[in-house]
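K.L.:
Contents of data-v2.tsv (TSV, C-alpha atoms and all ligand atoms):
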chain	number	residue	atom	x	y	z
A	1	MET	CA	74.73	-7.64	-62.16
A	2	LYS	CA	71.44	-8.86	-60.74
A	3	LYS	CA	73.36	-11.37	-58.60
A	4	LEU	CA	75.70	-8.68	-57.31
A	5	LEU	CA	72.78	-6.46	-56.40
A	6	LEU	CA	71.10	-9.34	-54.55
A	7	LEU	CA	74.32	-10.06	-52.68
A	8	PHE	CA	74.61	-6.38	-51.73
A	9	PHE	CA	71.06	-6.29	-50.33
A	10	ALA	CA	71.60	-9.56	-48.49
A	11	LEU	CA	74.72	-8.08	-46.89
A	12	VAL	CA	72.95	-4.83	-45.88
A	13	PHE	CA	70.05	-6.83	-44.47
A	14	SER	CA	72.21	-9.11	-42.34
A	15	LEU	CA	74.34	-6.21	-41.03
A	16	THR	CA	71.18	-4.29	-40.03
A	17	ALA	CA	69.88	-7.40	-38.28
A	18	ILE	CA	73.16	-7.84	-36.37
A	19	PHE	CA	73.21	-4.19	-35.22
A	20	ALA	CA	69.54	-4.25	-34.28
A	21	GLN	CA	70.15	-7.30	-32.15
A	22	SER	CA	73.26	-5.95	-30.45
A	23	GLY	CA	71.25	-2.80	-29.70
A	24	THR	CA	68.89	-4.80	-27.51
A	25	LEU	CA	71.66	-6.75	-25.79
A	26	GLU	CA	72.64	-4.22	-23.16
A	27	LYS	CA	75.79	-4.42	-21.09
A	28	PRO	CA	75.53	-4.09	-17.30
A	29	MET	CA	76.11	-0.43	-16.54
A	30	ILE	CA	76.91	1.80	-13.56
A	31	GLN	CA	76.43	5.59	-13.51
A	32	LYS	CA	77.30	7.98	-10.71
A	33	SER	CA	75.70	11.36	-10.04
A	34	LEU	CA	75.46	13.85	-7.19
A	35	TYR	CA	72.27	13.15	-5.21
A	36	GLY	CA	72.45	15.99	-2.69
A	37	LYS	CA	74.43	17.63	0.08
A	38	LEU	CA	74.04	17.30	3.82
A	39	LYS	CA	73.90	20.37	6.11
A	40	ASP	CA	77.63	20.02	6.83
A	41	GLY	CA	78.37	20.15	3.10
A	42	LYS	CA	79.09	16.42	2.75
A	43	GLU	CA	78.15	15.15	-0.71
A	44	VAL	CA	75.87	12.19	-1.20
A	45	TYR	CA	76.11	10.27	-4.45
A	46	GLU	CA	73.64	8.12	-6.31
A	47	TYR	CA	74.73	5.05	-8.26
A	48	ARG	CA	72.51	3.69	-10.98
A	49	LEU	CA	73.08	-0.01	-11.67
A	50	LYS	CA	71.49	-1.50	-14.75
A	51	ASN	CA	71.67	-5.14	-15.79
A	52	SER	CA	71.71	-6.68	-19.27
A	53	LYS	CA	67.92	-7.19	-19.18
A	54	GLY	CA	67.13	-3.54	-18.42
A	55	ALA	CA	66.32	-3.85	-14.72
A	56	GLU	CA	67.68	-1.04	-12.60
A	57	VAL	CA	68.50	-0.19	-9.00
A	58	ASN	CA	69.48	3.22	-7.65
A	59	ILE	CA	71.52	3.34	-4.47
A	60	ILE	CA	72.62	6.41	-2.54
A	61	THR	CA	75.66	6.61	-0.29
A	62	TYR	CA	73.52	8.00	2.57
A	63	GLY	CA	72.54	4.94	4.56
A	64	ALA	CA	73.65	2.66	1.66
A	65	THR	CA	70.01	3.10	0.70
A	66	VAL	CA	68.10	1.61	-2.23
A	67	VAL	CA	66.03	4.56	-3.45
A	68	SER	CA	64.42	2.82	-6.42
A	69	LEU	CA	64.24	-0.62	-7.99
A	70	ASN	CA	62.75	-1.10	-11.44
A	71	MET	CA	61.52	-4.55	-12.33
A	72	PRO	CA	59.21	-5.78	-15.13
A	73	ASP	CA	55.67	-7.13	-14.73
A	74	LYS	CA	54.25	-10.09	-16.67
A	75	ASN	CA	53.81	-7.85	-19.76
A	76	GLY	CA	57.38	-6.61	-19.60
A	77	LYS	CA	56.34	-3.22	-18.23
A	78	TYR	CA	58.89	-1.79	-15.80
A	79	ALA	CA	57.93	-0.01	-12.58
A	80	ASP	CA	59.58	1.07	-9.37
A	81	ILE	CA	58.66	-1.50	-6.71
A	82	VAL	CA	60.10	0.07	-3.55
A	83	LEU	CA	58.88	2.97	-1.42
A	84	GLY	CA	61.11	5.96	-0.84
A	85	TRP	CA	61.42	9.70	-0.47
A	86	ASP	CA	61.76	12.23	-3.28
A	87	ASN	CA	65.08	13.69	-2.13
A	88	LEU	CA	67.92	13.52	0.39
A	89	GLN	CA	66.04	15.65	2.93
A	90	GLY	CA	63.36	12.96	3.04
A	91	TYR	CA	65.93	10.30	3.95
A	92	VAL	CA	67.54	12.58	6.56
A	93	ASN	CA	64.26	13.51	8.28
A	94	GLY	CA	62.34	10.25	7.74
A	95	THR	CA	61.85	7.68	10.48
A	96	THR	CA	60.77	4.79	8.25
A	97	TYR	CA	64.20	3.43	7.20
A	98	PHE	CA	63.02	3.21	3.56
A	99	GLY	CA	65.54	1.09	1.62
A	100	ALA	CA	68.36	1.51	4.14
A	101	ILE	CA	70.98	-0.77	5.60
A	102	VAL	CA	70.22	-1.05	9.30
A	103	GLY	CA	72.86	-1.72	11.95
A	104	ARG	CA	74.91	-2.20	14.01
A	105	TYR	CA	71.95	-4.05	15.39
A	106	ALA	CA	68.90	-4.44	13.16
A	107	ASN	CA	65.60	-4.45	15.07
A	108	ARG	CA	65.52	-4.10	18.84
A	109	ILE	CA	67.69	-4.48	21.91
A	110	GLY	CA	65.62	-4.24	25.08
A	111	LYS	CA	66.53	-1.45	27.51
A	112	ALA	CA	69.26	-0.41	25.03
A	113	GLU	CA	71.85	-2.26	27.03
A	114	ILE	CA	74.23	-5.17	26.47
A	115	THR	CA	76.62	-7.00	28.76
A	116	LEU	CA	79.79	-8.57	27.39
A	117	ASN	CA	82.31	-10.32	29.63
A	118	GLY	CA	80.70	-8.82	32.72
A	119	LYS	CA	80.83	-5.26	31.40
A	120	THR	CA	77.58	-3.43	30.66
A	121	TYR	CA	77.38	-1.01	27.76
A	122	LYS	CA	74.63	1.59	27.62
A	123	LEU	CA	73.51	1.98	24.00
A	124	SER	CA	71.67	4.79	22.23
A	125	ALA	CA	67.94	4.38	23.04
A	126	ASN	CA	65.74	5.66	20.23
A	127	GLU	CA	62.41	3.93	20.81
A	128	GLY	CA	61.39	4.62	24.38
A	129	GLU	CA	63.99	2.87	26.54
A	130	ASN	CA	64.94	0.46	23.76
A	131	LEU	CA	67.27	0.51	20.79
A	132	LEU	CA	65.85	0.15	17.27
A	133	HIS	CA	67.98	-0.39	14.15
A	134	GLY	CA	71.27	0.68	15.69
A	135	GLY	CA	70.21	3.70	17.77
A	136	LYS	CA	69.76	7.42	17.12
A	137	ALA	CA	72.46	7.56	14.45
A	138	GLY	CA	72.50	4.06	12.97
A	139	PHE	CA	74.06	2.93	9.70
A	140	ASN	CA	70.98	4.22	7.84
A	141	SER	CA	71.99	7.80	8.63
A	142	VAL	CA	75.70	7.90	7.79
A	143	VAL	CA	77.49	8.45	4.50
A	144	TRP	CA	79.22	5.34	3.13
A	145	ASP	CA	82.16	5.19	0.72
A	146	ALA	CA	81.28	3.54	-2.56
A	147	GLU	CA	83.22	1.58	-5.14
A	148	PRO	CA	81.48	0.45	-8.34
A	149	LEU	CA	82.46	-3.01	-9.61
A	150	THR	CA	81.53	-4.78	-12.81
A	151	LEU	CA	81.31	-8.46	-11.95
A	152	LYS	CA	80.50	-11.29	-14.33
A	153	GLU	CA	77.13	-11.67	-12.56
A	154	GLY	CA	76.18	-8.04	-13.17
A	155	ALA	CA	76.66	-4.48	-11.95
A	156	SER	CA	77.79	-4.14	-8.39
A	157	LEU	CA	78.42	-1.48	-5.74
A	158	LYS	CA	80.60	-2.04	-2.70
A	159	LEU	CA	79.84	0.33	0.17
A	160	THR	CA	82.12	0.73	3.17
A	161	TYR	CA	81.64	2.38	6.53
A	162	VAL	CA	83.96	2.48	9.51
A	163	SER	CA	81.96	2.89	12.70
A	164	PRO	CA	84.18	4.24	15.50
A	165	ASP	CA	84.70	2.51	18.85
A	166	GLY	CA	81.79	3.51	21.08
A	167	ASP	CA	79.48	4.49	18.19
A	168	GLN	CA	75.92	4.53	19.63
A	169	GLY	CA	77.46	2.95	22.73
A	170	PHE	CA	78.67	-0.24	21.01
A	171	PRO	CA	82.20	-1.39	21.85
A	172	GLY	CA	84.86	-1.79	19.14
A	173	ALA	CA	85.56	0.05	15.92
A	174	MET	CA	83.64	-1.81	13.24
A	175	THR	CA	84.47	-1.90	9.53
A	176	VAL	CA	81.45	-2.82	7.44
A	177	HIS	CA	81.22	-3.67	3.75
A	178	VAL	CA	77.88	-4.04	2.00
A	179	THR	CA	77.98	-5.13	-1.63
A	180	TYR	CA	74.87	-4.84	-3.74
A	181	THR	CA	74.86	-6.73	-7.05
A	182	LEU	CA	72.09	-6.45	-9.62
A	183	THR	CA	72.58	-9.71	-11.45
A	184	ASN	CA	71.64	-10.30	-15.08
A	185	ASN	CA	69.08	-12.73	-13.69
A	186	ASN	CA	67.06	-9.93	-11.98
A	187	GLU	CA	68.37	-10.64	-8.51
A	188	LEU	CA	69.34	-7.98	-6.03
A	189	GLU	CA	72.04	-9.69	-4.05
A	190	ILE	CA	73.33	-8.17	-0.82
A	191	ARG	CA	76.53	-9.39	0.78
A	192	TYR	CA	77.61	-8.06	4.16
A	193	GLU	CA	80.94	-8.29	5.93
A	194	ALA	CA	82.01	-6.80	9.26
A	195	THR	CA	85.05	-6.90	11.52
A	196	THR	CA	85.69	-5.35	14.91
A	197	THR	CA	88.59	-4.22	17.08
A	198	LYS	CA	86.87	-5.31	20.35
A	199	GLU	CA	84.31	-7.93	21.23
A	200	THR	CA	80.87	-6.61	20.29
A	201	VAL	CA	77.49	-7.58	18.82
A	202	VAL	CA	76.34	-7.25	15.22
A	203	ASN	CA	73.14	-7.84	13.23
A	204	LEU	CA	72.80	-6.19	9.83
A	205	SER	CA	69.78	-6.10	7.55
A	206	HIS	CA	68.17	-4.39	4.60
A	207	HIS	CA	65.00	-2.35	4.95
A	208	SER	CA	63.34	-1.94	1.54
A	209	TYR	CA	59.56	-1.61	1.56
A	210	PHE	CA	58.37	-3.60	-1.46
A	211	ASN	CA	55.12	-3.01	-3.28
A	212	LEU	CA	55.18	-5.45	-6.18
A	213	SER	CA	52.22	-3.78	-7.89
A	214	GLY	CA	54.62	-0.95	-8.77
A	215	ASP	CA	51.90	1.55	-7.84
A	216	PRO	CA	51.99	2.71	-4.22
A	217	HIS	CA	48.40	3.91	-4.46
A	218	ASN	CA	47.73	0.20	-3.80
A	219	THR	CA	48.35	-1.51	-0.49
A	220	ILE	CA	50.13	-4.86	-0.27
A	221	LEU	CA	47.09	-6.59	1.28
A	222	ASN	CA	46.25	-8.58	-1.87
A	223	GLU	CA	49.81	-9.83	-2.34
A	224	LEU	CA	50.34	-13.49	-1.48
A	225	LEU	CA	53.09	-14.24	1.00
A	226	LYS	CA	54.80	-17.44	1.94
A	227	ILE	CA	57.35	-17.74	4.76
A	228	ASN	CA	59.28	-20.93	5.36
A	229	ALA	CA	58.96	-20.77	9.12
A	230	ASN	CA	57.14	-23.02	11.57
A	231	SER	CA	57.56	-20.59	14.45
A	232	PHE	CA	58.13	-16.99	15.46
A	233	THR	CA	59.40	-14.97	18.43
A	234	PRO	CA	56.38	-13.37	20.18
A	235	ILE	CA	56.73	-9.79	21.39
A	236	ASP	CA	55.52	-7.71	24.31
A	237	LYS	CA	53.74	-4.35	24.01
A	238	GLU	CA	57.10	-2.65	23.37
A	239	PHE	CA	57.98	-5.02	20.52
A	240	ILE	CA	60.64	-6.76	22.66
A	241	PRO	CA	60.69	-10.56	22.30
A	242	THR	CA	59.37	-12.40	25.34
A	243	GLY	CA	62.12	-15.01	24.91
A	244	LYS	CA	59.68	-17.72	23.86
A	245	ILE	CA	59.54	-19.40	20.48
A	246	GLU	CA	55.99	-20.25	19.45
A	247	LYS	CA	54.44	-22.21	16.60
A	248	VAL	CA	52.62	-20.28	13.86
A	249	ALA	CA	50.19	-23.18	13.29
A	250	GLY	CA	46.60	-22.18	14.03
A	251	THR	CA	47.42	-18.44	14.17
A	252	PRO	CA	47.05	-15.62	11.61
A	253	LEU	CA	50.86	-15.58	11.52
A	254	ASP	CA	50.94	-18.86	9.62
A	255	PHE	CA	52.32	-18.24	6.11
A	256	ARG	CA	53.68	-21.72	5.53
A	257	LYS	CA	51.29	-21.88	2.58
A	258	PRO	CA	50.87	-18.76	0.41
A	259	ALA	CA	48.15	-16.50	1.85
A	260	ALA	CA	46.96	-12.99	1.03
A	261	ILE	CA	48.58	-10.63	3.53
A	262	GLY	CA	45.22	-8.96	4.20
A	263	SER	CA	43.25	-12.15	4.71
A	264	ARG	CA	43.78	-12.40	8.50
A	265	ILE	CA	45.46	-9.09	9.33
A	266	ASN	CA	42.46	-7.83	11.32
A	267	ASP	CA	41.86	-11.06	13.22
A	268	ASP	CA	41.33	-10.76	16.95
A	269	PHE	CA	44.84	-11.89	17.88
A	270	GLU	CA	46.84	-10.10	20.56
A	271	GLN	CA	50.19	-10.22	18.75
A	272	LEU	CA	48.73	-8.42	15.70
A	273	LYS	CA	47.46	-5.70	18.06
A	274	PHE	CA	50.82	-5.36	19.84
A	275	ALA	CA	52.36	-4.88	16.38
A	276	HIS	CA	50.27	-1.73	15.77
A	277	GLY	CA	47.61	-3.47	13.71
A	278	GLY	CA	49.40	-5.85	11.39
A	279	TYR	CA	52.50	-7.97	10.98
A	280	ASP	CA	55.79	-6.99	12.55
A	281	PHE	CA	57.32	-10.27	13.62
A	282	ASN	CA	60.55	-12.15	13.51
A	283	TYR	CA	59.97	-15.55	11.91
A	284	VAL	CA	62.24	-18.39	12.95
A	285	LEU	CA	63.26	-19.70	9.54
A	286	ASN	CA	63.34	-23.44	8.96
A	287	ASN	CA	66.57	-25.27	8.17
A	288	TYR	CA	69.08	-22.82	9.61
A	289	ASN	CA	72.58	-24.10	8.99
A	290	GLY	CA	74.44	-20.97	7.90
A	291	LYS	CA	73.82	-21.69	4.20
A	292	VAL	CA	71.66	-19.68	1.81
A	293	ARG	CA	68.19	-21.19	1.35
A	294	GLU	CA	64.78	-19.89	0.31
A	295	ALA	CA	63.12	-18.03	3.18
A	296	ALA	CA	60.03	-16.37	1.75
A	297	ASP	CA	58.24	-15.38	-1.44
A	298	VAL	CA	55.68	-12.79	-2.44
A	299	TYR	CA	53.38	-12.78	-5.47
A	300	ASP	CA	51.31	-9.90	-6.77
A	301	PRO	CA	48.38	-11.35	-8.76
A	302	SER	CA	47.57	-8.02	-10.44
A	303	THR	CA	50.94	-7.65	-12.20
A	304	GLY	CA	52.35	-11.18	-11.99
A	305	ARG	CA	55.46	-9.92	-10.22
A	306	TYR	CA	57.03	-12.55	-8.03
A	307	MET	CA	59.80	-12.04	-5.48
A	308	GLN	CA	61.74	-14.79	-3.73
A	309	VAL	CA	63.97	-14.09	-0.74
A	310	PHE	CA	66.99	-16.27	-0.09
A	311	THR	CA	69.20	-15.87	2.95
A	312	ASP	CA	71.69	-17.58	5.22
A	313	GLN	CA	70.19	-15.88	8.30
A	314	PRO	CA	68.26	-17.64	11.09
A	315	GLY	CA	65.33	-15.20	11.03
A	316	ILE	CA	63.33	-12.80	8.91
A	317	GLN	CA	61.27	-9.83	10.09
A	318	PHE	CA	58.02	-9.53	8.18
A	319	TYR	CA	56.74	-5.99	8.62
A	320	SER	CA	53.55	-4.92	6.84
A	321	GLY	CA	54.09	-1.15	6.99
A	322	ASN	CA	51.82	-0.68	10.02
A	323	PHE	CA	53.26	2.71	10.95
A	324	LEU	CA	52.66	4.23	7.52
A	325	ASP	CA	49.65	6.47	8.02
A	326	GLY	CA	49.33	8.79	5.04
A	327	THR	CA	51.59	11.45	6.56
A	328	GLN	CA	54.63	10.07	4.71
A	329	ILE	CA	54.64	11.84	1.34
A	330	GLY	CA	56.93	9.72	-0.79
A	331	LYS	CA	58.23	9.67	-4.36
A	332	ASP	CA	56.02	11.50	-6.89
A	333	GLY	CA	54.16	13.15	-4.00
A	334	ILE	CA	52.24	9.99	-3.15
A	335	ALA	CA	50.98	9.74	0.46
A	336	TYR	CA	51.82	6.26	1.74
A	337	GLN	CA	48.83	4.78	3.54
A	338	LYS	CA	49.00	1.99	6.11
A	339	HIS	CA	50.21	-1.29	4.51
A	340	THR	CA	51.53	0.37	1.33
A	341	GLY	CA	54.76	-1.60	1.53
A	342	LEU	CA	56.18	-4.75	3.10
A	343	CYS	CA	59.62	-5.45	4.48
A	344	LEU	CA	61.27	-8.85	4.64
A	345	GLU	CA	64.37	-8.18	6.71
A	346	ALA	CA	66.69	-11.18	6.93
A	347	GLN	CA	68.40	-11.06	10.30
A	348	HIS	CA	69.30	-12.64	13.62
A	349	TYR	CA	66.45	-12.65	16.11
A	350	PRO	CA	65.69	-9.32	17.79
A	351	ASP	CA	67.14	-8.87	21.28
A	352	SER	CA	69.45	-11.87	20.85
A	353	PRO	CA	72.10	-10.33	23.16
A	354	HIS	CA	69.65	-11.09	26.00
A	355	GLU	CA	68.73	-14.60	24.86
A	356	PRO	CA	71.73	-16.92	25.33
A	357	LYS	CA	69.90	-19.89	23.75
A	358	TRP	CA	69.35	-18.13	20.42
A	359	PRO	CA	71.88	-18.08	17.56
A	360	PRO	CA	74.70	-15.84	18.80
A	361	VAL	CA	75.35	-12.31	17.56
A	362	ILE	CA	78.76	-11.80	19.14
A	363	LEU	CA	81.68	-10.73	16.97
A	364	LYS	CA	85.25	-10.91	18.25
A	365	PRO	CA	88.43	-9.36	16.86
A	366	GLY	CA	89.87	-11.62	14.15
A	367	GLN	CA	86.43	-12.99	13.20
A	368	VAL	CA	84.48	-11.92	10.12
A	369	TYR	CA	80.70	-11.49	10.24
A	370	ARG	CA	79.20	-12.50	6.90
A	371	GLN	CA	75.65	-12.39	5.63
A	372	THR	CA	74.09	-13.00	2.22
A	373	THR	CA	70.53	-12.15	1.24
A	374	ILE	CA	69.10	-12.27	-2.28
A	375	TYR	CA	65.84	-10.78	-3.52
A	376	LYS	CA	65.03	-12.49	-6.82
A	377	PHE	CA	62.42	-11.07	-9.20
A	378	SER	CA	60.47	-12.83	-11.94
A	379	THR	CA	56.85	-13.09	-13.12
A	380	LYS	CA	54.22	-15.83	-13.08
B	401	LIG	C1	60.36	-2.78	12.65
B	401	LIG	C2	59.14	-1.94	12.87
B	401	LIG	C3	59.52	-0.50	12.70
B	401	LIG	C4	60.10	-0.31	11.34
B	401	LIG	C5	60.63	1.08	11.19
B	401	LIG	C6	60.82	-2.56	11.25
B	401	LIG	O1	61.97	-3.31	11.02
B	401	LIG	O2	60.15	-4.13	12.91
B	401	LIG	O3	58.60	-2.14	14.15
B	401	LIG	O4	58.43	0.33	12.90
B	401	LIG	O5	61.15	-1.19	11.12
B	401	LIG	O6	60.29	1.62	10.02
If you convert what's in this file into structure tokens, what do you get?
P.N.:
Amino acid sequence: MKKLLLLFFALVFSLTAIFAQSGTLEKPMIQKSLYGKLKDGKEVYEYRLKNSKGAEVNIITYGATVVSLNMPDKNGKYADIVLGWDNLQGYVNGTTYFGAIVGRYANRIGKAEITLNGKTYKLSANEGENLLHGGKAGFNSVVWDAEPLTLKEGASLKLTYVSPDGDQGFPGAMTVHVTYTLTNNNELEIRYEATTTKETVVNLSHHSYFNLSGDPHNTILNELLKINANSFTPIDKEFIPTGKIEKVAGTPLDFRKPAAIGSRINDDFEQLKFAHGGYDFNYVLNNYNGKVREAADVYDPSTGRYMQVFTDQPGIQFYSGNFLDGTQIGKDGIAYQKHTGLCLEAQHYPDSPHEPKWPPVILKPGQVYRQTTIYKFSTK
């Protein structure tokens, strides 16, 4: 009898242990909900992707935008590490591109004009005479179709947008797919694909503003940044590249070794002034050969959060949130001060259509534009 009783308790104990364990082993998960409606009645959906570790990303179909990203600190405490607005209206009215996919041409095209095969196309100018992030109605401000996918790597969302011929002045109808995957290894992987019906230009990027402290009352000035780039493309007063490629050595733009973002940000250096008091530069990444390699990393000493950026792109725009000025009231009613977030936008160099010696941005019918960028999160 005693033996039977012991056996019974042993069985109950082991079953409880098994269930308790399987309770903590979560499956990747995707949930869809209505996020809001645009003025014309169009519905915008939010997809919540969760991985097996408990990390989470929320993406809305407006602008294929990452509205929140929850990652753990060194004590396992989760926090949202990207800036954003509280609701759809914020994303519609905002001019910061929080979390969005930017295109057809990320960053700037001088004089908002391109010439292809002798024909000049006037594009939508939205920053003085120049084009920024695709023009007045870029990919950040359209509603994408979304298809959730459960891949072996994790939860995934494939977003599709068909940009009509002539959209923002660009030739060719362009079909774009952007697939976000939140891997079970705490990576946010972004894969881009685009095709066109006529010869055109393309340069797509992702515009999250990261604040690894998880508390946007803090700036990013104490975070340590490293960029694997020996040179950058200097800009003029209008942020348009001069066409030169200059070495970062001996300048406050040198992040070849990890350095606190705030350590030289106020140095008396003309480029920092042109960039509205801070960093807003395209870095010419080392070892460009079309393959994915490590481009940059950021470490927040206060929380131990560590982000690595991998990409197959030739450049990366490091922007230190210089235009945030406390008038942007973001999630939870927090006013974002200057330097509250940082962007690391993997891309082709700005204004490449005017710089024939730079890696080309032309896409022809029958070709497929592809891009992969991975933001990997861990702690140290
Ligand atoms: C640009 C900044 C611009 C910002 C818009 C960045 O990619 O480089 O100059 O102000 O986007 O929020």
K.L.:
Between A:Lys226, A:His276, A:Lys291, A:Lys74, which one has atoms that come closest to ligand LIG 401 (chain B), using only C-alpha atoms and all ligand atoms?
P.N.:
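Closest residue, counting only C-alpha atoms and all ligand atoms: A:His276.
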K.L.:
Any idea what's packed within 9 Å of Tyr375 in chain A, counting all atoms listed in the file, ignoring anything in its chain fewer than 4 positions away? Could you give it as a PyMOL selection string?
P.N.:
chain A and resi 186-190+307-311
K.L.:
Nearest to ligand LIG 401 (chain B) among A:Ala296, A:Ala260, A:Leu131, A:Ala275, with distances taken over all atoms listed in the file: which residue is it?
P.N.:
A:Ala275
K.L.:
Adding 5 Å on each side of the box along x, y and z that holds all listed atoms of range 75-87 of chain A, could you give its centre and edge lengths in Å to one decimal, as JSON?
P.N.:
{"center_x": 59.4, "center_y": 2.9, "center_z": -10.1, "size_x": 21.3, "size_y": 31.5, "size_z": 29.3}
K.L.:
Which residue is closest to ligand LIG 401 (chain B)? Choose from A:Val361, A:Ile316, A:Leu49, A:Leu38 and count all atoms listed in the file.
P.N.:
A:Ile316
K.L.:
Would you mind listing what lies within 10 Å of Ala106 in chain A as a PyMOL selection string, with only C-alpha atoms counted and same-chain residues fewer than 5 positions away left out?
P.N.:
chain A and resi 101+131-135+138-139+202-207+317+345-351
K.L.:
What lies within 12 Å of range 231-235 of chain A using only C-alpha atoms, ignoring chain neighbours under 2 positions off, as a PyMOL selection string?
P.N.:
chain A and resi 108+110+227-229+237-256+269-276+279-287+314-318+348-352+355+358
K.L.:
So, with all atoms listed in the file as the atoms that count, which of A:Arg104, A:Lys152, A:Arg305, A:His177 lies closest to Lys136 in chain A?
P.N.:
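The closest residue to Lys136 in chain A is A:Arg104.
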K.L.:
Quick one: of A:Tyr306, A:Tyr369, A:Phe210, A:Tyr121, who's nearest to Ser68 in chain A, counting only C-alpha atoms?
P.N.:
A:Phe210
K.L.:
May I ask for the distance between CA of Leu149 in chain A and CA of Thr181 in chain A, given in Å to one decimal place?
P.N.:
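One can read the CA of Leu149 in chain A to CA of Thr181 in chain A distance as 8.8 Å.
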